[in-house]
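Colleague: Data file input-v5.csv (CSV, C-alpha atoms) is appended below.
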chain,number,residue,atom,x,y,z
A,94,MET,CA,106.9,125.4,111.4
A,95,ALA,CA,110.5,124.8,110.4
A,96,LEU,CA,112.3,127.2,108.1
A,97,THR,CA,112.4,126.0,104.5
A,98,ILE,CA,113.8,127.5,101.4
A,99,LYS,CA,112.4,126.7,97.9
A,100,GLN,CA,114.3,127.7,94.8
A,101,ILE,CA,112.0,129.6,92.4
A,102,HIS,CA,114.3,130.2,89.5
A,103,PRO,CA,116.4,127.7,87.5
A,104,VAL,CA,119.7,129.1,88.6
A,105,PHE,CA,119.1,131.2,91.8
A,106,VAL,CA,116.5,132.9,94.1
A,107,GLY,CA,115.0,131.1,97.1
A,108,GLU,CA,111.6,131.7,98.7
A,109,VAL,CA,111.8,131.4,102.5
A,110,SER,CA,108.9,130.2,104.7
A,111,GLY,CA,108.6,129.2,108.3
A,112,VAL,CA,110.2,132.3,109.9
A,113,ASP,CA,108.9,135.5,111.5
A,114,LEU,CA,111.3,138.4,111.2
A,115,THR,CA,109.5,140.4,113.9
A,116,ARG,CA,111.1,138.0,116.4
A,117,PRO,CA,114.7,137.1,117.3
A,118,LEU,CA,116.0,134.2,115.2
A,119,SER,CA,117.5,131.0,116.5
A,120,ARG,CA,121.1,130.2,115.7
A,121,GLU,CA,119.8,127.4,113.5
A,122,ASP,CA,117.6,129.7,111.5
A,123,VAL,CA,120.4,132.3,111.1
A,124,ALA,CA,122.7,129.5,109.8
A,125,ALA,CA,120.0,128.2,107.4
A,126,ILE,CA,119.5,131.7,105.9
A,127,ALA,CA,123.2,132.3,105.6
A,128,ASP,CA,123.6,129.0,103.8
A,129,GLY,CA,120.6,129.9,101.6
A,130,MET,CA,122.2,133.2,100.6
A,131,ASN,CA,125.4,131.4,99.5
A,132,ARG,CA,123.3,128.9,97.5
A,133,HIS,CA,120.6,131.2,96.0
A,134,ALA,CA,122.1,134.7,96.2
A,135,VAL,CA,118.6,136.2,96.6
A,136,LEU,CA,116.1,135.3,99.3
A,137,VAL,CA,112.4,136.3,99.3
A,138,PHE,CA,110.5,136.6,102.6
A,139,HIS,CA,106.7,137.2,102.3
A,140,GLY,CA,104.4,138.6,104.9
A,141,GLN,CA,106.9,140.3,107.1
A,142,ASP,CA,105.2,143.4,108.6
A,143,ILE,CA,108.3,144.7,110.3
A,144,THR,CA,109.4,148.0,111.9
A,145,ASP,CA,112.7,149.8,111.0
A,146,ALA,CA,114.2,148.5,114.3
A,147,GLN,CA,113.1,144.9,113.5
A,148,GLN,CA,114.6,145.2,110.1
A,149,ILE,CA,117.9,146.4,111.5
A,150,ALA,CA,117.9,143.7,114.1
A,151,PHE,CA,117.3,141.0,111.5
A,152,SER,CA,120.1,142.4,109.3
A,153,LEU,CA,122.6,142.4,112.1
A,154,ASN,CA,122.5,138.6,112.2
A,155,PHE,CA,124.5,138.6,109.0
A,156,GLY,CA,127.0,141.4,109.4
A,157,GLU,CA,127.6,145.0,110.3
A,158,LEU,CA,125.6,147.8,108.8
A,159,GLU,CA,127.5,149.6,106.1
A,160,VAL,CA,128.9,153.0,107.0
A,161,LYS,CA,130.1,154.8,103.9
A,162,ALA,CA,133.3,156.8,103.9
A,163,ARG,CA,131.7,158.9,101.1
A,164,PRO,CA,128.0,159.5,100.5
A,165,GLY,CA,126.1,157.5,97.9
A,166,ASN,CA,123.5,160.1,97.3
A,167,ILE,CA,122.8,163.8,96.9
A,168,ARG,CA,120.2,163.9,99.7
A,169,LYS,CA,121.5,165.8,102.7
A,170,ALA,CA,121.0,164.2,106.2
A,171,SER,CA,118.7,167.0,107.2
A,172,GLU,CA,116.4,166.0,104.3
A,173,SER,CA,116.0,162.4,105.4
A,174,ARG,CA,112.7,161.2,106.9
A,175,LEU,CA,114.2,157.9,108.3
A,176,GLY,CA,116.5,157.2,111.2
A,177,ALA,CA,120.1,156.0,111.1
A,178,GLY,CA,120.8,152.6,109.5
A,179,ILE,CA,117.8,152.7,107.2
A,180,GLY,CA,118.1,153.8,103.5
A,181,ASP,CA,115.1,155.5,102.0
A,182,LEU,CA,114.4,154.0,98.5
A,183,SER,CA,110.9,155.6,98.4
A,184,ASN,CA,109.5,158.4,96.2
A,185,LEU,CA,108.8,160.4,99.4
A,186,ASP,CA,110.3,163.6,100.8
A,187,LYS,CA,111.1,164.2,104.4
A,188,ASN,CA,107.5,165.1,105.1
A,189,GLY,CA,106.1,161.9,103.6
A,190,LYS,CA,104.9,163.6,100.5
A,191,ILE,CA,105.5,162.3,96.9
A,192,ILE,CA,108.6,163.9,95.5
A,193,SER,CA,108.1,166.3,92.6
A,194,GLY,CA,108.9,165.0,89.2
A,195,ASP,CA,111.4,167.8,88.6
A,196,ASP,CA,113.3,167.3,92.0
A,197,ARG,CA,117.0,166.7,91.7
A,198,GLN,CA,116.6,163.7,94.1
A,199,TRP,CA,114.0,162.1,91.8
A,200,PHE,CA,116.3,162.5,88.8
A,201,PHE,CA,119.3,161.1,90.7
A,202,LYS,CA,117.3,158.1,91.9
A,203,LEU,CA,116.3,157.2,88.3
A,204,GLY,CA,119.8,155.9,87.9
A,205,ASP,CA,118.7,152.9,90.1
A,206,ARG,CA,116.7,151.7,87.1
A,207,LEU,CA,120.0,150.7,85.4
A,208,TRP,CA,121.6,147.4,86.2
A,209,HIS,CA,124.0,147.9,89.2
A,210,SER,CA,125.5,146.4,92.4
A,211,ASP,CA,125.0,148.4,95.6
A,212,SER,CA,128.0,150.5,96.6
A,213,SER,CA,130.2,149.3,93.8
A,214,TYR,CA,131.2,153.0,93.7
A,215,ALA,CA,132.8,152.5,97.2
A,216,GLU,CA,136.3,151.1,97.7
A,217,VAL,CA,134.7,148.3,99.9
A,218,PRO,CA,131.5,147.4,98.1
A,219,ALA,CA,128.4,146.2,100.0
A,220,LYS,CA,127.9,142.6,101.1
A,221,HIS,CA,124.1,142.1,101.5
A,222,SER,CA,121.2,144.4,100.9
A,223,LEU,CA,117.8,143.9,102.5
A,224,LEU,CA,114.8,145.8,101.1
A,225,SER,CA,111.4,145.9,102.9
A,226,ALA,CA,108.2,146.9,101.0
A,227,ARG,CA,106.1,149.0,103.3
A,228,VAL,CA,103.8,150.5,100.6
A,229,VAL,CA,103.7,149.3,97.0
A,230,PRO,CA,102.1,151.0,94.0
A,231,SER,CA,99.3,149.4,92.1
A,232,TRP,CA,101.4,149.0,89.0
A,233,GLY,CA,105.0,148.4,88.2
A,234,GLY,CA,107.9,148.9,90.6
A,235,ASN,CA,109.4,145.3,90.2
A,236,THR,CA,113.0,144.7,91.1
A,237,ASP,CA,115.0,142.6,88.6
A,238,PHE,CA,117.9,140.5,89.7
A,239,ALA,CA,120.7,138.9,87.6
A,240,ASP,CA,122.9,136.0,88.7
A,241,MET,CA,126.4,137.1,88.0
A,242,ARG,CA,127.8,133.7,88.9
A,243,ALA,CA,125.8,131.9,86.3
A,244,ALA,CA,126.7,134.6,83.8
A,245,TYR,CA,130.4,134.2,84.5
A,246,ASP,CA,130.1,130.4,84.2
A,247,ALA,CA,128.4,130.7,80.7
A,248,LEU,CA,131.3,132.8,79.2
A,249,ASP,CA,133.6,131.1,76.8
A,250,GLN,CA,137.1,130.2,78.0
A,251,ARG,CA,138.8,132.8,75.9
A,252,THR,CA,136.7,135.6,77.4
A,253,LYS,CA,137.3,134.3,81.0
A,254,GLU,CA,141.0,134.4,80.4
A,255,GLU,CA,140.8,137.9,78.9
A,256,ILE,CA,138.9,139.4,81.8
A,257,GLU,CA,140.6,137.5,84.7
A,258,ASP,CA,142.8,140.4,85.8
A,259,LEU,CA,140.9,143.4,84.4
A,260,VAL,CA,140.2,146.4,86.7
A,261,CYS,CA,137.4,148.8,86.2
A,262,GLU,CA,136.6,152.2,87.5
A,263,HIS,CA,133.2,152.7,89.2
A,264,SER,CA,131.6,156.0,90.0
A,265,LEU,CA,128.1,157.5,90.5
A,266,ILE,CA,129.1,160.2,88.1
A,267,HIS,CA,129.1,157.6,85.2
A,268,SER,CA,125.8,155.9,86.2
A,269,ARG,CA,124.0,159.2,86.6
A,270,ALA,CA,125.3,160.5,83.3
A,271,ALA,CA,124.0,157.4,81.6
A,272,VAL,CA,120.4,158.6,82.4
A,273,GLY,CA,121.2,162.2,81.6
A,274,PHE,CA,121.8,163.5,85.1
A,275,THR,CA,124.9,165.7,85.1
A,276,ASP,CA,123.7,168.4,87.5
A,277,LEU,CA,126.3,167.7,90.1
A,278,THR,CA,128.0,170.3,92.4
A,279,PRO,CA,131.8,170.4,92.6
A,280,GLU,CA,131.5,168.9,96.1
A,281,GLU,CA,129.4,166.0,94.7
A,282,ILE,CA,131.8,165.4,91.9
A,283,ALA,CA,134.7,165.2,94.3
A,284,SER,CA,132.8,162.9,96.6
A,285,PHE,CA,131.9,160.6,93.7
A,286,ARG,CA,135.4,160.2,92.4
A,287,PRO,CA,136.0,156.8,90.8
A,288,VAL,CA,137.2,153.7,92.7
A,289,ARG,CA,139.0,150.6,91.3
A,290,GLN,CA,137.1,147.2,91.2
A,291,ARG,CA,138.0,143.9,89.7
A,292,LEU,CA,135.9,142.8,86.8
A,293,VAL,CA,136.0,139.2,88.1
A,294,ARG,CA,135.5,138.7,91.8
A,295,VAL,CA,135.7,135.6,93.9
A,296,HIS,CA,133.1,135.1,96.6
A,297,PRO,CA,134.9,135.0,100.0
A,298,GLU,CA,132.6,132.3,101.4
A,299,THR,CA,131.8,130.0,98.4
A,300,GLY,CA,134.9,130.6,96.3
A,301,ARG,CA,132.7,131.0,93.2
A,302,LYS,CA,133.7,133.5,90.5
A,303,SER,CA,131.3,136.1,89.2
A,304,LEU,CA,131.2,139.1,87.0
A,305,PHE,CA,131.4,142.4,88.8
A,306,LEU,CA,129.4,144.6,86.5
A,307,SER,CA,127.4,147.8,87.3
A,308,ALA,CA,126.1,150.9,85.6
A,309,HIS,CA,128.7,152.6,87.8
A,310,ALA,CA,131.5,151.0,85.8
A,311,GLY,CA,132.7,153.4,83.1
A,312,ALA,CA,136.3,152.5,82.4
A,313,ILE,CA,138.7,149.6,82.3
A,314,GLU,CA,142.3,150.3,83.2
A,315,GLY,CA,144.6,150.2,80.2
A,316,TRP,CA,141.7,150.4,77.7
A,317,THR,CA,140.4,153.4,75.8
A,318,ILE,CA,137.0,154.6,77.0
A,319,PRO,CA,135.1,153.7,73.8
A,320,GLU,CA,136.5,150.1,73.8
A,321,ALA,CA,135.9,149.7,77.5
A,322,ARG,CA,132.3,150.9,77.5
A,323,SER,CA,131.5,148.9,74.4
A,324,PHE,CA,132.9,145.7,76.0
A,325,LEU,CA,131.2,146.4,79.4
A,326,ARG,CA,127.9,146.8,77.5
A,327,ASP,CA,128.4,143.5,75.7
A,328,LEU,CA,129.1,141.8,79.1
A,329,THR,CA,126.1,143.4,80.7
A,330,GLU,CA,123.9,142.2,77.8
A,331,HIS,CA,125.3,138.7,78.2
A,332,ALA,CA,124.8,138.8,82.0
A,333,THR,CA,121.2,140.0,81.8
A,334,GLN,CA,119.8,137.4,79.4
A,335,ARG,CA,116.5,135.9,80.4
A,336,GLU,CA,118.0,132.7,81.7
A,337,PHE,CA,120.0,134.6,84.4
A,338,VAL,CA,117.3,137.1,85.4
A,339,HIS,CA,114.4,136.9,88.0
A,340,SER,CA,111.9,139.8,88.3
A,341,HIS,CA,110.4,140.1,91.8
A,342,VAL,CA,106.8,141.4,91.8
A,343,TRP,CA,106.5,143.1,95.2
A,344,ARG,CA,103.7,142.5,97.6
A,345,GLN,CA,103.2,144.7,100.7
A,346,HIS,CA,105.4,143.4,103.6
A,347,ASP,CA,107.8,141.5,101.4
A,348,LEU,CA,111.5,141.6,102.4
A,349,VAL,CA,114.0,140.6,99.8
A,350,MET,CA,117.7,140.0,100.7
A,351,TRP,CA,120.4,139.8,98.1
A,352,ASP,CA,124.1,139.3,97.9
A,353,ASN,CA,125.8,142.1,96.0
A,354,ARG,CA,128.9,139.9,95.6
A,355,ALA,CA,127.0,137.6,93.3
A,356,THR,CA,124.2,139.6,91.7
A,357,MET,CA,123.2,142.8,89.9
A,358,HIS,CA,119.7,144.3,90.2
A,359,ARG,CA,117.6,147.2,88.9
A,360,ALA,CA,114.4,149.0,89.8
A,361,ARG,CA,111.6,149.1,87.3
A,362,ARG,CA,109.1,151.9,86.4
A,363,PHE,CA,106.0,152.5,88.4
A,364,ASP,CA,103.3,155.2,88.6
A,365,ARG,CA,105.2,158.0,90.3
A,366,ASN,CA,102.0,159.6,91.4
A,367,GLU,CA,101.4,156.6,93.8
A,368,VAL,CA,103.4,156.0,97.0
A,369,ARG,CA,106.2,153.5,96.9
A,370,ASP,CA,107.7,153.2,100.3
A,371,MET,CA,110.8,150.9,100.3
A,372,ARG,CA,113.3,150.8,103.1
A,373,ARG,CA,116.8,149.2,102.8
A,374,THR,CA,119.4,148.1,105.2
A,375,THR,CA,122.9,147.4,103.8
A,376,LEU,CA,125.6,145.2,105.2
A,377,ALA,CA,129.3,146.2,104.9
A,378,GLY,CA,131.6,144.3,102.7
A,379,ASN,CA,134.8,142.8,104.2
A,380,ALA,CA,137.6,144.0,101.8
A,381,PRO,CA,138.3,145.9,98.5
A,382,THR,CA,137.9,143.6,95.5
A,383,ILE,CA,141.2,145.0,94.3
A,384,GLU,CA,143.0,143.0,97.0
A,385,GLN,CA,142.4,139.9,94.9
A,386,LEU,CA,145.2,141.0,92.7
A,387,ALA,CA,147.7,140.4,95.4
A,388,ALA,CA,146.1,137.0,96.2
In C-alpha cells, write the structure found in this file.

Modeller:
Amino acid sequence: MALTIKQIHPVFVGEVSGVDLTRPLSREDVAAIADGMNRHAVLVFHGQDITDAQQIAFSLNFGELEVKARPGNIRKASESRLGAGIGDLSNLDKNGKIISGDDRQWFFKLGDRLWHSDSSYAEVPAKHSLLSARVVPSWGGNTDFADMRAAYDALDQRTKEEIEDLVCEHSLIHSRAAVGFTDLTPEEIASFRPVRQRLVRVHPETGRKSLFLSAHAGAIEGWTIPEARSFLRDLTEHATQREFVHSHVWRQHDLVMWDNRATMHRARRFDRNEVRDMRRTTLAGNAPTIEQLAA
C-alpha cells in the first residue's frame, strides 16, 4: 500500500496511511513525509506500536535529535525512567507509578496546558516534535494544535507591519508563573534565563511567515511589560481561534509529528489517577530566529 496523506482540517493537519514506522522507510516515503510536514505542519500516524528505539530511528530521518544547552525541565537525570533521546511526557515517576498530585514535577508540567512551542525558551528552538501514545487515559488528554501560518496570514496589514521586526523574550520562568508555579531554585532560575526570539519567523524550507507565540513569551523588547503581555495575549487569542485549531483525540499507538516552526500546541486535562504514557522525540532547529534580523 502506497503512502498517502489526507488533510483533515481546513487549513492544516494531515492523516498518514500506508506506512509502518516499525520498519525502515524508503527514500520516497521519507521525502513524502517531509513534504507533508511542509504542507500540513502536523501529521497523524495511527496504529504505530513502536519501541523507543524505533521512534528514535524514525525521527532521525528528518534531522538530528535536540540536545539542549540548558535543561527544559526540573526533573534530574537520575529521576528519569526513559533512556537517552526520549522525552517523558507521562504522569509517571521513575518507577512507573503515577506521580503524586503535590509533586513539584507534576506542578511544573501543568505549564504544558498553556499554548506553547517546544523549546522556544532555547536560543535555537526545536524543529519537529514527535509524540507517541503508549497508554492513553479513558477521558481527556487531547492535544490541541494551532496553525501559526494561517493565523499570521489572517492579520490585517497594519498589524503585520507593526510586528515584523519585534523581538520577544521567552523563558520557562514566565510560562510556569502563569500557572502559579514559582517554586524554583536559584540554579533553576539561572538555567531558565530568557532568550530572544523574533515574533514573526520565516520557515527556512517553505518561506512562509508565521507568528512565533508561546506561553514562554513574557516581554517584547522596547515595550513595557504590561503593554507587551496585553498585546501578546491579544495575538494568542487571535491565533487560537477555532478556524486555526485542531484537537487531536489520542488513540493508543498514535504518533503525531508537528513542526514547531509553524504551530503552537497545548495538552488538555485528563483524569490524573489514570496512566497517560506519552513519549516524545524532538529534532533540533537549525539556527536562532534572531538571525533573521540580519537577513

Colleague: What is the distance, in Å and to one decimal place, between CA of Ala125 in chain A and CA of Val349 in chain A?

Modeller: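 Between CA of Ala125 in chain A and CA of Val349 in chain A the gap works out to 15.7 Å.
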
Colleague: Between CA of Ala332 in chain A and CA of Thr252 in chain A, what is the distance in Å, rounded to a tenth?

Modeller: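 Straight-line distance from CA of Ala332 in chain A to CA of Thr252 in chain A works out to 13.2 Å.
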
Colleague: Looking at A:Arg326, A:Lys169, A:Arg301, A:Arg354, which one is nearest to Lys220 in chain A, with distances taken over all atoms listed in the file?

Modeller: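 Residue with the minimum atom-to-atom distance to Lys220 in chain A: A:Arg354.
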
Colleague: Would you please work out which residue, of A:Asp113, A:Asp364, A:Glu384, A:Phe105, is nearest to Gly194 in chain A when using all atoms listed in the file?

Modeller: A:Asp364

Colleague: Env of range 279-282 of chain A: 9 Å cut, atoms = only C-alpha atoms, seq-sep filter 3 positions within chain, self excluded. Answer as a PyMOL selection string.

Modeller: chain A and resi 164+166-167+265-266+285-286

Colleague: Using only C-alpha atoms, can you list as a ChimeraX atom specification the residues within 12 Å of (106.4, 163.5, 98.2)?

Modeller: /A:172,174,183-196,198-199,365-370

Colleague: For those residues, write C-alpha atoms to a file as a PDB file, in the coordinates of the input.

Modeller:
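For reference, selection.pdb as written:
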ATOM      1  CA  GLU A 172     116.400 166.000 104.300  1.00  0.00           C
ATOM      2  CA  ARG A 174     112.700 161.200 106.900  1.00  0.00           C
ATOM      3  CA  SER A 183     110.900 155.600  98.400  1.00  0.00           C
ATOM      4  CA  ASN A 184     109.500 158.400  96.200  1.00  0.00           C
ATOM      5  CA  LEU A 185     108.800 160.400  99.400  1.00  0.00           C
ATOM      6  CA  ASP A 186     110.300 163.600 100.800  1.00  0.00           C
ATOM      7  CA  LYS A 187     111.100 164.200 104.400  1.00  0.00           C
ATOM      8  CA  ASN A 188     107.500 165.100 105.100  1.00  0.00           C
ATOM      9  CA  GLY A 189     106.100 161.900 103.600  1.00  0.00           C
ATOM     10  CA  LYS A 190     104.900 163.600 100.500  1.00  0.00           C
ATOM     11  CA  ILE A 191     105.500 162.300  96.900  1.00  0.00           C
ATOM     12  CA  ILE A 192     108.600 163.900  95.500  1.00  0.00           C
ATOM     13  CA  SER A 193     108.100 166.300  92.600  1.00  0.00           C
ATOM     14  CA  GLY A 194     108.900 165.000  89.200  1.00  0.00           C
ATOM     15  CA  ASP A 195     111.400 167.800  88.600  1.00  0.00           C
ATOM     16  CA  ASP A 196     113.300 167.300  92.000  1.00  0.00           C
ATOM     17  CA  GLN A 198     116.600 163.700  94.100  1.00  0.00           C
ATOM     18  CA  TRP A 199     114.000 162.100  91.800  1.00  0.00           C
ATOM     19  CA  ARG A 365     105.200 158.000  90.300  1.00  0.00           C
ATOM     20  CA  ASN A 366     102.000 159.600  91.400  1.00  0.00           C
ATOM     21  CA  GLU A 367     101.400 156.600  93.800  1.00  0.00           C
ATOM     22  CA  VAL A 368     103.400 156.000  97.000  1.00  0.00           C
ATOM     23  CA  ARG A 369     106.200 153.500  96.900  1.00  0.00           C
ATOM     24  CA  ASP A 370     107.700 153.200 100.300  1.00  0.00           C
TER      25      ASP A 370
END

Colleague: To one decimal in Å, tell me the separation between CA of Ile313 in chain A and CA of Leu325 in chain A.

Modeller: 8.7 Å

Colleague: Would you mind telling me which residue in A:Gly233, A:Phe274, A:Met130, A:Gln385 lies nearest to Leu292 in chain A when using all atoms listed in the file?

Modeller: A:Gln385

Colleague: Using all atoms listed in the file, determine which residues lie at most 8 Å from Thr382 in chain A, disregarding the query and same-chain residues fewer than 5 positions distant; provide the list as a list in words.

Modeller: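 Answer for this query is Glu216, Val217, Pro218, Gln290, Arg291 and Arg294 of chain A.
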
Colleague: So, counting all atoms listed in the file, which residue among A:His139, A:Arg373, A:Arg269, A:Arg322 is closest to Trp343 in chain A?

Modeller: A:His139

Colleague: Within 8 Å of Phe337 in chain A, counting all atoms listed in the file, which residues show up once you throw out same-chain ones fewer than 2 positions away? Write them as a PyMOL selection string, please.

Modeller: chain A and resi 104+239-241+243-244+332-335+339

Colleague: Taking into account all atoms listed in the file, which residue in the set A:Arg227, A:His102, A:His331, A:Arg120 is nearest to His133 in chain A?

Modeller: A:His102

Colleague: From the list A:Glu159, A:Glu121, A:Ala177, A:Glu298, which residue is nearest Ala146 in chain A when using only C-alpha atoms?

Modeller: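 Of the candidates, the smallest distance to Ala146 in chain A is held by A:Ala177.
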